[in-house]
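Peer 1: Got a structure for you, written out below as structure tokens; questions coming shortly.
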Amino acid sequence: MRSLSDTVKRLSRRRHASAFTETIPSPLRPLERFGSNPGELQGWWYAPGSIAPSPALVVVLHGCTQTAAVYDACSGWSRLADDCGFALLLPEQVRSNNSNLCFNWFNPADVRRNSGEALSIRQMVEHMIERCNVDRSRVFITGLSAGGAMANAMLAAYPDVFAAGAILAGLPYMTASTIPEAFDRMRGYGLPSTEALQAKILGAFDHQGPWPRISVWHGTGDDTVVPANAMAIVEQWRGVHGSGHHPSSTKRRGRRTLQIWKNASGRRVIELHTLSGMAHGAPLDTARGYGRSGAFFLDVGVSSTVETARAWGLGGSKLPTSVDGIQAAAASALRWTGIVPRPRS
């Protein structure tokens, strides 16, 4: 395992390595006057000219050393929004909050409901719902690394807001309260028991409605946030969804393994996508659609952006098929989400 100081140095090097993308022209617009913003975050948004009358909203959280514009350019989310007619929100960290531009997923004050960065993001979501007449039943969130951990925090703190979320190379909710603890969890040290993980979700908010569906993506070669965190996220969410310890099904094709957990009624509620040998980052398939390679954006022949949008019912036939051949999840995506895509105007 790598030391804390080595991890910090590697993040710093990656920050400089990704600097070339910061000059890429971006379609994102600044989000202003969205609320009291206690977490002092910045916000960016995008709505295509062909946006649906009552669109879905996708919230995208960048990783450490990244900006919203960099993440969008490499992940391809705004290009996908152009083709599929949904609205896009990209909250952004600032260096005065975190010198490596990480969302502070390890700070309890920033991940609790109605507090800190979590409240800032919730205020941005509400602003976008009102601005774009968003369908409140179709609000989704995704993020990478620290952004994935913060996406998981938002799903836990605001399960009444989000229909589903996708966590890429992220971490479970409320398992660290200091920076040293955060690095320990990233390396897989001190992860709580299943019971303790599930208690964190139940203690975040007294939620009585349906819980968000969860998709987890992780590479087996990730030595920045080790793969044990992916399984810990699954364990954390199994409790509220009433899923068994073992997956309901497992599919393997190429370098991707897809494990699916269902609830008592047979509905897909948790998915774990494991990419064999993939390092820390977001999986992309640049030859078949959206996104571009860069620091923490890995062209492995599978697009997490496209597959996530497909699972959320955002694109239908407009989305390219998956080159690795795992089509069962795509074919039954609407049965998993329970979402019927709305026609574009």
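In the structure tokens, chains take letters A, B, ... by order of appearance, with residues numbered from 1 within each chain and ligands from 1 in the order shown.
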Can you list, as a list in words, every protein, DNA or RNA residue that comes within 8 Å of Ala149 of chain A when you count only C-alpha atoms, leaving out same-chain residues fewer than 3 positions away?
Peer 2: Trp105, Gly143, Leu144, Ser145, Ala146, Asn152, Ala153, Ile167, Gly170, Leu171, Pro172 and Tyr173 of chain A
Peer 1: Store the residues of this selection in a file with all heavy atoms, as an mmCIF file, in the first residue's frame.
Peer 2:
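Listed below is the output, part-v9.cif:
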data_model
loop_
_atom_site.group_PDB
_atom_site.id
_atom_site.type_symbol
_atom_site.label_atom_id
_atom_site.label_comp_id
_atom_site.auth_asym_id
_atom_site.auth_seq_id
_atom_site.Cartn_x
_atom_site.Cartn_y
_atom_site.Cartn_z
ATOM 1 N N TRP A 105 -15.527 15.175 1.244
ATOM 2 C CA TRP A 105 -16.394 14.053 1.581
ATOM 3 C C TRP A 105 -16.094 13.483 2.967
ATOM 4 O O TRP A 105 -16.922 12.775 3.544
ATOM 5 C CB TRP A 105 -16.230 12.940 0.541
ATOM 6 C CG TRP A 105 -14.827 12.389 0.473
ATOM 7 C CD1 TRP A 105 -13.810 12.843 -0.312
ATOM 8 C CD2 TRP A 105 -14.294 11.305 1.237
ATOM 9 N NE1 TRP A 105 -12.667 12.105 -0.099
ATOM 10 C CE2 TRP A 105 -12.934 11.153 0.849
ATOM 11 C CE3 TRP A 105 -14.825 10.432 2.202
ATOM 12 C CZ2 TRP A 105 -12.110 10.173 1.400
ATOM 13 C CZ3 TRP A 105 -14.000 9.465 2.758
ATOM 14 C CH2 TRP A 105 -12.659 9.332 2.353
ATOM 15 N N GLY A 143 -20.361 10.901 -9.832
ATOM 16 C CA GLY A 143 -19.103 11.561 -9.514
ATOM 17 C C GLY A 143 -17.962 10.570 -9.495
ATOM 18 O O GLY A 143 -18.164 9.355 -9.406
ATOM 19 N N LEU A 144 -16.755 11.104 -9.604
ATOM 20 C CA LEU A 144 -15.530 10.310 -9.640
ATOM 21 C C LEU A 144 -14.672 10.582 -8.414
ATOM 22 O O LEU A 144 -14.456 11.745 -8.061
ATOM 23 C CB LEU A 144 -14.736 10.638 -10.905
ATOM 24 C CG LEU A 144 -13.302 10.102 -10.986
ATOM 25 C CD1 LEU A 144 -13.307 8.579 -11.057
ATOM 26 C CD2 LEU A 144 -12.579 10.695 -12.197
ATOM 27 N N SER A 145 -14.177 9.536 -7.785
ATOM 28 C CA SER A 145 -13.205 9.635 -6.698
ATOM 29 C C SER A 145 -13.795 10.451 -5.538
ATOM 30 O O SER A 145 -14.817 10.076 -4.984
ATOM 31 C CB SER A 145 -11.896 10.215 -7.229
ATOM 32 O OG SER A 145 -10.842 10.082 -6.306
ATOM 33 N N ALA A 146 -13.176 11.582 -5.178
ATOM 34 C CA ALA A 146 -13.772 12.419 -4.132
ATOM 35 C C ALA A 146 -15.167 12.872 -4.549
ATOM 36 O O ALA A 146 -16.068 13.003 -3.714
ATOM 37 C CB ALA A 146 -12.884 13.625 -3.848
ATOM 38 N N ASN A 152 -22.116 9.896 -3.268
ATOM 39 C CA ASN A 152 -22.684 8.932 -2.326
ATOM 40 C C ASN A 152 -23.240 9.642 -1.095
ATOM 41 O O ASN A 152 -24.301 9.273 -0.574
ATOM 42 C CB ASN A 152 -21.607 7.923 -1.916
ATOM 43 C CG ASN A 152 -22.194 6.695 -1.253
ATOM 44 O OD1 ASN A 152 -23.280 6.246 -1.585
ATOM 45 N ND2 ASN A 152 -21.456 6.141 -0.300
ATOM 46 N N ALA A 153 -22.547 10.681 -0.649
ATOM 47 C CA ALA A 153 -23.029 11.462 0.493
ATOM 48 C C ALA A 153 -24.346 12.158 0.161
ATOM 49 O O ALA A 153 -25.265 12.200 0.996
ATOM 50 C CB ALA A 153 -21.980 12.488 0.912
ATOM 51 N N ILE A 167 -21.512 5.929 -8.781
ATOM 52 C CA ILE A 167 -20.336 6.275 -7.991
ATOM 53 C C ILE A 167 -19.122 5.624 -8.639
ATOM 54 O O ILE A 167 -19.017 4.394 -8.681
ATOM 55 C CB ILE A 167 -20.515 5.796 -6.538
ATOM 56 C CG1 ILE A 167 -21.775 6.418 -5.937
ATOM 57 C CG2 ILE A 167 -19.290 6.134 -5.702
ATOM 58 C CD1 ILE A 167 -22.341 5.641 -4.768
ATOM 59 N N GLY A 170 -15.301 5.643 -5.907
ATOM 60 C CA GLY A 170 -15.636 6.444 -4.739
ATOM 61 C C GLY A 170 -15.504 5.678 -3.439
ATOM 62 O O GLY A 170 -14.876 4.612 -3.375
ATOM 63 N N LEU A 171 -16.111 6.245 -2.406
ATOM 64 C CA LEU A 171 -15.999 5.675 -1.058
ATOM 65 C C LEU A 171 -17.352 5.712 -0.359
ATOM 66 O O LEU A 171 -18.222 6.520 -0.711
ATOM 67 C CB LEU A 171 -14.983 6.449 -0.217
ATOM 68 C CG LEU A 171 -13.547 6.430 -0.731
ATOM 69 C CD1 LEU A 171 -13.211 7.734 -1.433
ATOM 70 C CD2 LEU A 171 -12.554 6.178 0.403
ATOM 71 N N PRO A 172 -17.537 4.844 0.649
ATOM 72 C CA PRO A 172 -18.802 4.831 1.389
ATOM 73 C C PRO A 172 -18.986 6.089 2.219
ATOM 74 O O PRO A 172 -18.048 6.840 2.479
ATOM 75 C CB PRO A 172 -18.697 3.576 2.261
ATOM 76 C CG PRO A 172 -17.240 3.272 2.336
ATOM 77 C CD PRO A 172 -16.625 3.775 1.071
ATOM 78 N N TYR A 173 -20.224 6.281 2.647
ATOM 79 C CA TYR A 173 -20.647 7.504 3.330
ATOM 80 C C TYR A 173 -20.255 7.501 4.805
ATOM 81 O O TYR A 173 -20.434 6.500 5.513
ATOM 82 C CB TYR A 173 -22.165 7.627 3.198
ATOM 83 C CG TYR A 173 -22.780 8.779 3.957
ATOM 84 C CD1 TYR A 173 -22.435 10.101 3.666
ATOM 85 C CD2 TYR A 173 -23.728 8.545 4.959
ATOM 86 C CE1 TYR A 173 -23.010 11.156 4.358
ATOM 87 C CE2 TYR A 173 -24.310 9.606 5.644
ATOM 88 C CZ TYR A 173 -23.945 10.906 5.338
ATOM 89 O OH TYR A 173 -24.503 11.950 6.021
#
Peer 1: What are the DSSP alpha helix (DSSP H) residues of segment 6-214 of chain A, as number ranges by chain?
Peer 2: A: 6-17, 68-75, 77-84, 108-111, 116-132, 146-157, 179-186, 194-204
Peer 1: Env of segment 53-59 of chain A: 9 Å cut, atoms = only C-alpha atoms, seq-sep filter 4 positions within chain, self excluded. Answer as number ranges by chain.
Peer 2: A: 77, 85-91, 121, 125, 128-129, 132-143, 151, 314, 342-345
Peer 1: Give me, please, the distance in Å between atom CA of Gln208 of chain A and atom CA of Gln236 of chain A, quoted to one decimal.
Peer 2: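 Between atom CA of Gln208 of chain A and atom CA of Gln236 of chain A the gap is 17.5 Å.
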Peer 1: Could you tell me how far atom CA of Trp217 of chain A lies from atom CA of Asn114 of chain A, in Å and to one decimal?
Peer 2: 27.6 Å
Peer 1: Given only C-alpha atoms as the basis, pick out the residue of A:Gly76, A:Gly63, A:Gly190, A:Pro210 nearest to Asn104 of chain A.
Peer 2: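 So, comparing all the options, the nearest one is A:Gly63.
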Peer 1: Got a sec: who's within 12 Å of Pro108 of chain A, counting only C-alpha atoms, leaving out chain neighbours fewer than 5 positions off, as a list in words?
Peer 2: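 My list of contacting residues is Phe103, Arg113, Asn114, Ser115, Gly116, Glu117, Ala118, Met150, Ala153, Ala157, Tyr173, Met174, Thr175, Ala176, Ser177, Thr178, Ile179, Ala182, Lys200 and Ala204 of chain A.
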Peer 1: Name all residues at most 9 Å from Leu41 of chain A (count only C-alpha atoms; drop same-chain ones fewer than 3 positions away) and give them as a ChimeraX atom specification.
Peer 2: /A:37-38,91-94,97,117,120-121
Peer 1: Just to confirm, what's the straight-line distance from atom CA of Ala196 of chain A to atom CA of Asn229 of chain A in Å (one decimal)?
Peer 2: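 Distance between the two atoms: 14.2 Å.
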Peer 1: If you run DSSP on the backbone, which residues of segment 64-177 of chain A are strand (DSSP E or B), as a PyMOL selection string?
Peer 2: chain A and resi 87-92+139-144+164-168
Peer 1: If you count only C-alpha atoms, which residues fall within 6 Å of segment 294-303 of chain A, apart from same-chain ones fewer than 3 positions away, as a tab-separated table (two decimals) with N, CA and C atoms, in the first residue's frame?
Peer 2:
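Result file around_5.tsv:
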chain	number	residue	atom	x	y	z
A	18	SER	N	-2.98	17.11	-15.95
A	18	SER	CA	-4.27	17.38	-16.57
A	18	SER	C	-4.46	18.84	-16.92
A	281	GLY	N	-9.84	5.92	-12.01
A	281	GLY	CA	-10.40	6.84	-12.99
A	281	GLY	C	-11.76	6.41	-13.49
A	282	ALA	N	-12.26	7.18	-14.46
A	282	ALA	CA	-13.55	6.91	-15.08
A	282	ALA	C	-13.35	6.11	-16.35
A	283	PRO	N	-14.01	4.98	-16.51
A	283	PRO	CA	-13.87	4.20	-17.75
A	283	PRO	C	-14.59	4.86	-18.92
A	284	LEU	N	-13.89	4.90	-20.05
A	284	LEU	CA	-14.43	5.51	-21.26
A	284	LEU	C	-14.27	4.56	-22.44
A	285	ASP	N	-15.05	4.84	-23.50
A	285	ASP	CA	-14.90	4.16	-24.78
A	285	ASP	C	-14.90	5.25	-25.84
A	306	VAL	N	-22.00	6.61	-20.99
A	306	VAL	CA	-23.07	6.08	-21.83
A	306	VAL	C	-23.88	5.03	-21.09
Peer 1: Residues at most 10 Å from Ala279 of chain A, counting only C-alpha atoms, excluding those fewer than 3 positions away in the same chain, as a list in words?
Peer 2: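 The residues satisfying every condition are Ala169, His218, Gly219, Thr220, Gly221, Asp222, Asp223, Thr224, Val225, Val226, Leu275, Ser276, Ala282, Pro283, Phe296, Phe297 and Leu298 of chain A.
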Peer 1: Would you export the selected residues with N, CA and C atoms as a PDB file, in the first residue's frame, please?
Peer 2:
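selection03.pdb, written as the output of this step:
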ATOM      1  N   ALA A 169     -15.174   4.957  -8.625  1.00  0.00           N
ATOM      2  CA  ALA A 169     -13.954   4.953  -7.809  1.00  0.00           C
ATOM      3  C   ALA A 169     -14.137   5.782  -6.538  1.00  0.00           C
ATOM      4  N   HIS A 218     -15.677   0.496 -10.538  1.00  0.00           N
ATOM      5  CA  HIS A 218     -14.349   0.498  -9.928  1.00  0.00           C
ATOM      6  C   HIS A 218     -13.416  -0.415 -10.710  1.00  0.00           C
ATOM      7  N   GLY A 219     -12.144  -0.024 -10.795  1.00  0.00           N
ATOM      8  CA  GLY A 219     -11.138  -0.839 -11.450  1.00  0.00           C
ATOM      9  C   GLY A 219     -10.394  -1.695 -10.449  1.00  0.00           C
ATOM     10  N   THR A 220     -10.076  -2.933 -10.844  1.00  0.00           N
ATOM     11  CA  THR A 220      -9.358  -3.817  -9.922  1.00  0.00           C
ATOM     12  C   THR A 220      -7.908  -3.382  -9.735  1.00  0.00           C
ATOM     13  N   GLY A 221      -7.386  -2.544 -10.633  1.00  0.00           N
ATOM     14  CA  GLY A 221      -6.020  -2.048 -10.514  1.00  0.00           C
ATOM     15  C   GLY A 221      -5.912  -0.697  -9.851  1.00  0.00           C
ATOM     16  N   ASP A 222      -6.960  -0.251  -9.201  1.00  0.00           N
ATOM     17  CA  ASP A 222      -6.980   1.066  -8.555  1.00  0.00           C
ATOM     18  C   ASP A 222      -6.203   1.001  -7.241  1.00  0.00           C
ATOM     19  N   ASP A 223      -5.053   1.691  -7.184  1.00  0.00           N
ATOM     20  CA  ASP A 223      -4.300   1.733  -5.934  1.00  0.00           C
ATOM     21  C   ASP A 223      -4.368   3.103  -5.277  1.00  0.00           C
ATOM     22  N   THR A 224      -5.269   3.966  -5.761  1.00  0.00           N
ATOM     23  CA  THR A 224      -5.521   5.255  -5.109  1.00  0.00           C
ATOM     24  C   THR A 224      -6.719   5.143  -4.166  1.00  0.00           C
ATOM     25  N   VAL A 225      -7.826   4.634  -4.679  1.00  0.00           N
ATOM     26  CA  VAL A 225      -8.980   4.243  -3.865  1.00  0.00           C
ATOM     27  C   VAL A 225      -9.168   2.754  -4.119  1.00  0.00           C
ATOM     28  N   VAL A 226      -8.746   1.930  -3.202  1.00  0.00           N
ATOM     29  CA  VAL A 226      -8.676   0.493  -3.466  1.00  0.00           C
ATOM     30  C   VAL A 226     -10.079  -0.089  -3.639  1.00  0.00           C
ATOM     31  N   LEU A 275     -13.995  -3.373 -13.473  1.00  0.00           N
ATOM     32  CA  LEU A 275     -13.174  -3.377 -14.684  1.00  0.00           C
ATOM     33  C   LEU A 275     -11.811  -3.988 -14.366  1.00  0.00           C
ATOM     34  N   SER A 276     -11.535  -5.131 -14.958  1.00  0.00           N
ATOM     35  CA  SER A 276     -10.308  -5.866 -14.664  1.00  0.00           C
ATOM     36  C   SER A 276      -9.076  -5.058 -15.082  1.00  0.00           C
ATOM     37  N   ALA A 282     -12.262   7.177 -14.457  1.00  0.00           N
ATOM     38  CA  ALA A 282     -13.555   6.911 -15.077  1.00  0.00           C
ATOM     39  C   ALA A 282     -13.351   6.114 -16.354  1.00  0.00           C
ATOM     40  N   PRO A 283     -14.013   4.978 -16.513  1.00  0.00           N
ATOM     41  CA  PRO A 283     -13.874   4.202 -17.746  1.00  0.00           C
ATOM     42  C   PRO A 283     -14.590   4.863 -18.918  1.00  0.00           C
ATOM     43  N   PHE A 296      -7.046  10.499 -15.204  1.00  0.00           N
ATOM     44  CA  PHE A 296      -8.194   9.888 -14.533  1.00  0.00           C
ATOM     45  C   PHE A 296      -9.340   9.572 -15.482  1.00  0.00           C
ATOM     46  N   PHE A 297      -9.124   9.659 -16.793  1.00  0.00           N
ATOM     47  CA  PHE A 297     -10.128   9.254 -17.777  1.00  0.00           C
ATOM     48  C   PHE A 297      -9.487   8.193 -18.655  1.00  0.00           C
ATOM     49  N   LEU A 298      -9.954   6.952 -18.523  1.00  0.00           N
ATOM     50  CA  LEU A 298      -9.247   5.790 -19.030  1.00  0.00           C
ATOM     51  C   LEU A 298     -10.043   5.119 -20.136  1.00  0.00           C
TER      52      LEU A 298
END
